[in-house]
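K.L.:
I have a structure here, written as structure tokens, and I will follow up with some questions on it.
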Amino acid sequence: MNDFRVSITHTTRRRKLKDGKVAHYDQYYCEYRDPKLKRRRRRAFNRKKDAEAFRNALLIKVSEGKYVDERTSPTLGKAIDHWLADKEGKVKPSTLMGYKVVVNGAIRGPLLVGTAQERANYTETGVAPEGARFLQLLGDVKLTDLNPAMLRVWHKTIVDHCGIYTANRAKSHIKSITALAEEDFLVRAPSMPTGLTRVRNRPKKAILTPEDIAKVVRAAKDDAECGIYYAFAFLAGTRPSEQLGLLWSEVDFDKNVIHIRRIQERDGTLTEMTKTEAGTRDIPMSAVLREMLLAWRVRCPRKGKELHRVFPGPGRLQEWPKPRLGGGGPLLYQNFRKRYWTPVFKRLGLPYVTPHSARHSFISTLQAQGIEIGLVAQIAGHANPTVTLGHYTQAVRDGSAAMEALDRAYGG
């Protein structure tokens with residue numbers, strides 16, 4: 001809008017005091033025509049430099065297409081509601097509930113001053129303990145008023161009362177909330193303050209080396225009854241809930257891909273969506289994984305007479321050729337770890353890692369082999385490759401590999 005103009009005018013205001021004297025003071029006005037409504041607007045300031053600062057900020061907003069009438073700007077509370085509504089149907093209910101707990105308790109407010117258990121009880125029941133004290137947070141702040149200084153004070157408040165983890169998780173949600181508001185309400189998202197407290201010395205999740213994983217896969221290929229259960233995550237990079245929720249109808253041997261479409265909850269029920277929207281994806285099958293799944297399909301316990309779950313409860317073996325008794329149903333996560341996962345590490349003499357660590361190994365190994373980060377994120381089910389880089393990638397080779405790469409690059 002090259003024709004947009006803001007003029008600053010000045011006048012001297014007079015006011016009669018109680019003692020009868022007349023006081024004189026300066027008043028400055030920024031006058032302009034609203035870029036959207038085309039109506040005349042005027043803002044008053046007591047100091048000229050404040051009027052000039054407002055004018056300069058307004059010119060920048062209009063030139064960048066970010067102008068919003070501050071009188072109609074939504075509050076952060078309204079933006080939170082909009083963000084949560086957008087998440088409906090895109091993430092599983094338990095994940096959405098986790099979002100609500102954080103954004104309502106640590107962003108919208110008010111924040112109950114007390115123990116973590118008291119806050120949890122208040123969140124669940126809505127009944128505050130006797131004599132409870134509350135702190136106002138950011139729910140009533142207009143997005144146009146939100147700034148780094150305000151966010152810095154808010155972040156310290158949450159760190160002091162709820163801990164660093166909750167504060168940083170809430171800050172991440174604010175970035176997502178304000179980014180969506182910028183798209184849908186045309187309200188410029190505030191810059192996040194720098195130098196905030198971070199989690200220090202956060203231990204990396206233990207992962208196996210490629211050599212150790214090769215031992216696991218070799219053992220799995222020789223273990224017709226259990227091998228696929230503990231090798232699958234290393235070869236497909238799935239979350240445990242995705243593995244246990246996989247159905248044979250989603251294993252496409254013609255296209256050589258595995259369709260991840262659902263997860264299994266802790267109680268064994270299936271949820272017809274993944275942890276996040278990006279978790280719904282297709283994973284290509286390696287030759288080893290394809291061979292193992294084809295062999296397992298012949299032996300896999302049925303649901304009735306039909307193949308259903310890829311990783312079902314095994315049921316009870318009978319003498320050959322009688323079928324298993326009670327197999328084909330859900331395999332609970334705790335039984336999966338006790339029966340299939342834990343024993344193999346003891347048997348092979350390998351350091352124990354969790355099932356989710358197999359996913360870390362999968363992602364880190366792909367990157368170590370030179371697969372571009374965007375493709376790794378897509379296969380892993382991450383909406384943003386930054387998550388892949390920041391939380392999942394760990395070194396699976398020693399420093400000599402880096403020096404060898406330098407030698408190759410420099411022609412040594």
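Identifiers in the structure tokens: chain A, B, ... in order shown; residue index from 1 per chain; ligand index from 1 in order shown.
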Write out, as a tab-separated table, each residue of stretch 85-170 of chain A that has an atom at most 7 Å from stretch 186-199 of chain A, together with the closest pair of atoms and their distance in Å to one decimal, counting only C-alpha atoms, rows going by chain and rising number.
P.N.:
residue	atom	partner	partner_atom	distance
A:Leu143	CA	A:Val187	CA	6.9
A:Thr144	CA	A:Val187	CA	6.8
A:Leu146	CA	A:Pro190	CA	6.4
A:Asn147	CA	A:Pro190	CA	5.6
A:Pro148	CA	A:Pro193	CA	4.8
A:Leu151	CA	A:Pro193	CA	6.8
A:Arg152	CA	A:Pro193	CA	6.1
A:Ile164	CA	A:Val199	CA	6.3
A:Tyr165	CA	A:Val199	CA	6.8
K.L.:
Go ahead and save the residues from that selection, with N, CA and C atoms, as a PDB file, in the first residue's frame.
P.N.:
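Output file result-v8.pdb is given in full below:
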ATOM      1  N   LEU A 143      -3.217 -10.636  21.167  1.00  0.00           N
ATOM      2  CA  LEU A 143      -2.038 -11.061  20.417  1.00  0.00           C
ATOM      3  C   LEU A 143      -1.207  -9.870  19.955  1.00  0.00           C
ATOM      4  N   THR A 144      -1.865  -8.749  19.675  1.00  0.00           N
ATOM      5  CA  THR A 144      -1.129  -7.559  19.247  1.00  0.00           C
ATOM      6  C   THR A 144      -0.301  -6.967  20.381  1.00  0.00           C
ATOM      7  N   LEU A 146       1.182  -8.986  22.767  1.00  0.00           N
ATOM      8  CA  LEU A 146       2.140  -9.989  23.217  1.00  0.00           C
ATOM      9  C   LEU A 146       3.527  -9.642  22.675  1.00  0.00           C
ATOM     10  N   ASN A 147       4.529  -9.616  23.541  1.00  0.00           N
ATOM     11  CA  ASN A 147       5.876  -9.249  23.113  1.00  0.00           C
ATOM     12  C   ASN A 147       6.904 -10.098  23.849  1.00  0.00           C
ATOM     13  N   PRO A 148       8.160 -10.085  23.398  1.00  0.00           N
ATOM     14  CA  PRO A 148       9.185 -10.931  24.032  1.00  0.00           C
ATOM     15  C   PRO A 148       9.370 -10.674  25.522  1.00  0.00           C
ATOM     16  N   LEU A 151       6.670 -12.424  27.374  1.00  0.00           N
ATOM     17  CA  LEU A 151       6.871 -13.871  27.317  1.00  0.00           C
ATOM     18  C   LEU A 151       8.017 -14.300  28.234  1.00  0.00           C
ATOM     19  N   ARG A 152       9.021 -13.455  28.366  1.00  0.00           N
ATOM     20  CA  ARG A 152      10.143 -13.782  29.237  1.00  0.00           C
ATOM     21  C   ARG A 152       9.690 -13.869  30.709  1.00  0.00           C
ATOM     22  N   ILE A 164      11.207 -26.533  34.473  1.00  0.00           N
ATOM     23  CA  ILE A 164      11.746 -26.158  33.163  1.00  0.00           C
ATOM     24  C   ILE A 164      11.041 -26.912  32.040  1.00  0.00           C
ATOM     25  N   TYR A 165      10.793 -28.213  32.247  1.00  0.00           N
ATOM     26  CA  TYR A 165      10.197 -29.014  31.181  1.00  0.00           C
ATOM     27  C   TYR A 165       8.837 -28.454  30.776  1.00  0.00           C
TER      28      TYR A 165
END
K.L.:
Check the DSSP output for the backbone and give back, as a PyMOL selection string, the residues of stretch 21-130 of chain A in strand (DSSP E or B).
P.N.:
chain A and resi 22-33+40-45+75+111-113
K.L.:
Selected residues, N, CA, C and O atoms, written as an mmCIF file, in the first residue's frame, please.
P.N.:
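Saved as out_34.cif:
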data_model
loop_
_atom_site.group_PDB
_atom_site.id
_atom_site.type_symbol
_atom_site.label_atom_id
_atom_site.label_comp_id
_atom_site.auth_asym_id
_atom_site.auth_seq_id
_atom_site.Cartn_x
_atom_site.Cartn_y
_atom_site.Cartn_z
ATOM 1 N N VAL A 22 -5.587 26.440 35.651
ATOM 2 C CA VAL A 22 -5.694 25.749 34.360
ATOM 3 C C VAL A 22 -4.329 25.178 34.006
ATOM 4 O O VAL A 22 -3.330 25.915 33.935
ATOM 5 N N ALA A 23 -4.291 23.844 33.782
ATOM 6 C CA ALA A 23 -3.044 23.164 33.406
ATOM 7 C C ALA A 23 -2.993 23.010 31.890
ATOM 8 O O ALA A 23 -4.015 22.753 31.240
ATOM 9 N N HIS A 24 -1.791 23.195 31.315
ATOM 10 C CA HIS A 24 -1.585 23.026 29.882
ATOM 11 C C HIS A 24 -0.657 21.817 29.668
ATOM 12 O O HIS A 24 0.357 21.677 30.365
ATOM 13 N N TYR A 25 -0.999 20.987 28.707
ATOM 14 C CA TYR A 25 -0.106 19.866 28.398
ATOM 15 C C TYR A 25 -0.220 19.523 26.920
ATOM 16 O O TYR A 25 -1.241 19.756 26.268
ATOM 17 N N ASP A 26 0.876 18.953 26.391
ATOM 18 C CA ASP A 26 0.939 18.628 24.964
ATOM 19 C C ASP A 26 0.187 17.335 24.672
ATOM 20 O O ASP A 26 0.165 16.397 25.489
ATOM 21 N N GLN A 27 -0.390 17.274 23.502
ATOM 22 C CA GLN A 27 -1.061 16.051 23.038
ATOM 23 C C GLN A 27 -0.688 15.857 21.569
ATOM 24 O O GLN A 27 -0.782 16.789 20.759
ATOM 25 N N TYR A 28 -0.258 14.643 21.243
ATOM 26 C CA TYR A 28 0.132 14.304 19.872
ATOM 27 C C TYR A 28 -0.832 13.252 19.340
ATOM 28 O O TYR A 28 -1.269 12.352 20.073
ATOM 29 N N TYR A 29 -1.135 13.362 18.042
ATOM 30 C CA TYR A 29 -2.081 12.433 17.421
ATOM 31 C C TYR A 29 -1.460 11.808 16.169
ATOM 32 O O TYR A 29 -0.825 12.513 15.368
ATOM 33 N N CYS A 30 -1.656 10.513 16.045
ATOM 34 C CA CYS A 30 -1.347 9.819 14.789
ATOM 35 C C CYS A 30 -2.663 9.649 14.042
ATOM 36 O O CYS A 30 -3.584 8.988 14.549
ATOM 37 N N GLU A 31 -2.746 10.224 12.872
ATOM 38 C CA GLU A 31 -3.980 10.162 12.090
ATOM 39 C C GLU A 31 -3.727 9.411 10.790
ATOM 40 O O GLU A 31 -2.728 9.662 10.098
ATOM 41 N N TYR A 32 -4.643 8.494 10.468
ATOM 42 C CA TYR A 32 -4.490 7.678 9.257
ATOM 43 C C TYR A 32 -5.847 7.097 8.895
ATOM 44 O O TYR A 32 -6.810 7.171 9.661
ATOM 45 N N ARG A 33 -5.912 6.514 7.711
ATOM 46 C CA ARG A 33 -7.128 5.843 7.261
ATOM 47 C C ARG A 33 -6.900 4.340 7.357
ATOM 48 O O ARG A 33 -5.926 3.820 6.813
ATOM 49 N N ARG A 40 -11.422 6.684 8.967
ATOM 50 C CA ARG A 40 -10.433 7.541 9.585
ATOM 51 C C ARG A 40 -10.173 7.096 11.023
ATOM 52 O O ARG A 40 -11.106 6.862 11.790
ATOM 53 N N ARG A 41 -8.906 6.993 11.391
ATOM 54 C CA ARG A 41 -8.521 6.607 12.744
ATOM 55 C C ARG A 41 -7.603 7.669 13.322
ATOM 56 O O ARG A 41 -6.836 8.312 12.610
ATOM 57 N N ARG A 42 -7.651 7.817 14.637
ATOM 58 C CA ARG A 42 -6.762 8.748 15.320
ATOM 59 C C ARG A 42 -6.371 8.169 16.669
ATOM 60 O O ARG A 42 -7.227 7.758 17.440
ATOM 61 N N ARG A 43 -5.054 8.122 16.946
ATOM 62 C CA ARG A 43 -4.533 7.642 18.219
ATOM 63 C C ARG A 43 -3.820 8.774 18.932
ATOM 64 O O ARG A 43 -3.022 9.497 18.329
ATOM 65 N N ALA A 44 -4.098 8.941 20.237
ATOM 66 C CA ALA A 44 -3.523 10.036 21.017
ATOM 67 C C ALA A 44 -2.333 9.551 21.847
ATOM 68 O O ALA A 44 -2.336 8.431 22.370
ATOM 69 N N PHE A 45 -1.321 10.408 21.983
ATOM 70 C CA PHE A 45 -0.127 10.113 22.764
ATOM 71 C C PHE A 45 0.290 11.357 23.525
ATOM 72 O O PHE A 45 0.126 12.490 23.046
ATOM 73 N N THR A 75 -7.596 -12.443 21.697
ATOM 74 C CA THR A 75 -6.719 -12.711 22.836
ATOM 75 C C THR A 75 -5.998 -14.028 22.609
ATOM 76 O O THR A 75 -6.373 -14.836 21.748
ATOM 77 N N LEU A 111 -2.983 -19.802 37.060
ATOM 78 C CA LEU A 111 -2.102 -20.846 37.562
ATOM 79 C C LEU A 111 -2.266 -20.965 39.067
ATOM 80 O O LEU A 111 -2.105 -19.996 39.806
ATOM 81 N N LEU A 112 -2.598 -22.173 39.508
ATOM 82 C CA LEU A 112 -2.729 -22.429 40.941
ATOM 83 C C LEU A 112 -1.347 -22.479 41.571
ATOM 84 O O LEU A 112 -0.479 -23.244 41.144
ATOM 85 N N VAL A 113 -1.140 -21.665 42.599
ATOM 86 C CA VAL A 113 0.123 -21.681 43.333
ATOM 87 C C VAL A 113 0.029 -22.789 44.375
ATOM 88 O O VAL A 113 -0.786 -22.737 45.294
#
K.L.:
Pick the closest to A:Pro301 from A:Glu225, A:Arg13, A:Gly237, A:Glu265: which is it, counting only C-alpha atoms?
P.N.:
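Looking only at the distances to A:Pro301, the closest residue turns out to be A:Glu225.
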K.L.:
What lies within 10 Å of A:Phe4 using only C-alpha atoms, ignoring chain neighbours under 6 positions off, as a ChimeraX atom specification?
P.N.:
/A:32-35,59,62-63
K.L.:
Keeping N, CA, C and O atoms for every residue in the selection just given, could you write it to a file as a PDB file, in the first residue's frame?
P.N.:
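The resulting file, part13.pdb, is shown below:
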ATOM      1  N   TYR A  32      -4.643   8.494  10.468  1.00  0.00           N
ATOM      2  CA  TYR A  32      -4.490   7.678   9.257  1.00  0.00           C
ATOM      3  C   TYR A  32      -5.847   7.097   8.895  1.00  0.00           C
ATOM      4  O   TYR A  32      -6.810   7.171   9.661  1.00  0.00           O
ATOM      5  N   ARG A  33      -5.912   6.514   7.711  1.00  0.00           N
ATOM      6  CA  ARG A  33      -7.128   5.843   7.261  1.00  0.00           C
ATOM      7  C   ARG A  33      -6.900   4.340   7.357  1.00  0.00           C
ATOM      8  O   ARG A  33      -5.926   3.820   6.813  1.00  0.00           O
ATOM      9  N   ASP A  34      -7.779   3.638   8.086  1.00  0.00           N
ATOM     10  CA  ASP A  34      -7.639   2.187   8.295  1.00  0.00           C
ATOM     11  C   ASP A  34      -7.485   1.482   6.941  1.00  0.00           C
ATOM     12  O   ASP A  34      -8.327   1.637   6.059  1.00  0.00           O
ATOM     13  N   PRO A  35      -6.390   0.724   6.742  1.00  0.00           N
ATOM     14  CA  PRO A  35      -6.149   0.071   5.445  1.00  0.00           C
ATOM     15  C   PRO A  35      -7.236  -0.921   5.042  1.00  0.00           C
ATOM     16  O   PRO A  35      -7.424  -1.175   3.851  1.00  0.00           O
ATOM     17  N   LEU A  59       3.543   1.689   9.839  1.00  0.00           N
ATOM     18  CA  LEU A  59       3.982   1.677   8.441  1.00  0.00           C
ATOM     19  C   LEU A  59       4.601   0.331   8.054  1.00  0.00           C
ATOM     20  O   LEU A  59       4.382  -0.179   6.958  1.00  0.00           O
ATOM     21  N   VAL A  62       1.783  -2.355   7.719  1.00  0.00           N
ATOM     22  CA  VAL A  62       1.010  -2.193   6.486  1.00  0.00           C
ATOM     23  C   VAL A  62       1.828  -2.615   5.271  1.00  0.00           C
ATOM     24  O   VAL A  62       1.335  -3.307   4.382  1.00  0.00           O
ATOM     25  N   SER A  63       3.109  -2.228   5.235  1.00  0.00           N
ATOM     26  CA  SER A  63       3.953  -2.579   4.082  1.00  0.00           C
ATOM     27  C   SER A  63       4.170  -4.075   3.960  1.00  0.00           C
ATOM     28  O   SER A  63       4.325  -4.610   2.858  1.00  0.00           O
TER      29      SER A  63
END
K.L.:
List every residue of stretch 18-221 of chain A that DSSP, applied to the backbone, labels as helix (DSSP H, G or I), and write the result as an MDAnalysis selection string.
P.N.:
chainID A and resid 48:63 76:87 93:108 116:125 143:145 148:162 164:185 210:221
K.L.:
Give me, as a short mmCIF file (atom, residue, chain, number, x, y, z; two decimals) with N, CA, C and O atoms, in the first residue's frame, all polymer residues having an atom no more than 12 Å from A:Gln117, counting only C-alpha atoms and skipping those fewer than 4 positions away in the same chain.
P.N.:
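Result written to around20.cif:
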data_model
loop_
_atom_site.label_atom_id
_atom_site.label_comp_id
_atom_site.auth_asym_id
_atom_site.auth_seq_id
_atom_site.Cartn_x
_atom_site.Cartn_y
_atom_site.Cartn_z
N LEU A 112 -2.60 -22.17 39.51
CA LEU A 112 -2.73 -22.43 40.94
C LEU A 112 -1.35 -22.48 41.57
O LEU A 112 -0.48 -23.24 41.14
N VAL A 113 -1.14 -21.66 42.60
CA VAL A 113 0.12 -21.68 43.33
C VAL A 113 0.03 -22.79 44.38
O VAL A 113 -0.79 -22.74 45.29
N ASN A 121 -4.93 -32.11 40.71
CA ASN A 121 -6.28 -32.32 41.23
C ASN A 121 -7.22 -31.20 40.77
O ASN A 121 -8.38 -31.44 40.42
N TYR A 122 -6.70 -29.97 40.76
CA TYR A 122 -7.52 -28.84 40.34
C TYR A 122 -7.86 -28.95 38.85
O TYR A 122 -8.99 -28.67 38.44
N THR A 123 -6.88 -29.38 38.04
CA THR A 123 -7.13 -29.56 36.61
C THR A 123 -8.18 -30.62 36.37
O THR A 123 -9.04 -30.48 35.49
N GLU A 124 -8.14 -31.69 37.16
CA GLU A 124 -9.07 -32.81 36.96
C GLU A 124 -10.47 -32.50 37.48
O GLU A 124 -11.47 -32.83 36.82
N ALA A 128 -10.73 -25.91 43.62
CA ALA A 128 -9.48 -25.40 44.19
C ALA A 128 -9.41 -25.73 45.67
O ALA A 128 -10.43 -25.75 46.36
N PRO A 129 -8.22 -25.99 46.19
CA PRO A 129 -8.07 -26.24 47.64
C PRO A 129 -8.39 -24.98 48.43
O PRO A 129 -8.33 -23.86 47.91
N CYS A 162 6.32 -24.58 37.94
CA CYS A 162 6.00 -25.88 37.31
C CYS A 162 7.23 -26.63 36.82
O CYS A 162 7.13 -27.82 36.51
#
K.L.:
Counting only C-alpha atoms, figure out which residue out of A:Val217, A:Ala181, A:Leu325, A:Ala368 gets nearest to A:Lys305.
P.N.:
A:Leu325
K.L.:
Given the choices A:Ala236, A:Val102, A:Leu289, A:Leu246, which gets closest to A:Leu270 if the distance is worked out from only C-alpha atoms?
P.N.:
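Among A:Ala236, A:Val102, A:Leu289, A:Leu246, it is A:Leu246 that comes nearest to A:Leu270.
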K.L.:
Identify, on the basis of only C-alpha atoms, every residue whose closest approach to A:Asn256 does not exceed 9 Å; exclude the query and any residue fewer than 6 positions from it along the same chain; express the result as a list of chain:residue names.
P.N.:
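Using only C-alpha atoms, the neighbours found are A:Ile283, A:Pro284, A:Met285, A:Ser286, A:Arg290.
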K.L.:
Go ahead and write the selection's residues with C-alpha atoms as a PDB file, in the first residue's frame.
P.N.:
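Okay, out-v4.pdb is ready:
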ATOM      1  CA  ILE A 283       7.270 -46.971   5.137  1.00  0.00           C
ATOM      2  CA  PRO A 284       9.189 -48.777   2.388  1.00  0.00           C
ATOM      3  CA  MET A 285      10.154 -52.371   3.167  1.00  0.00           C
ATOM      4  CA  SER A 286      13.771 -53.449   2.947  1.00  0.00           C
ATOM      5  CA  ARG A 290       9.946 -58.183   3.405  1.00  0.00           C
TER       6      ARG A 290
END
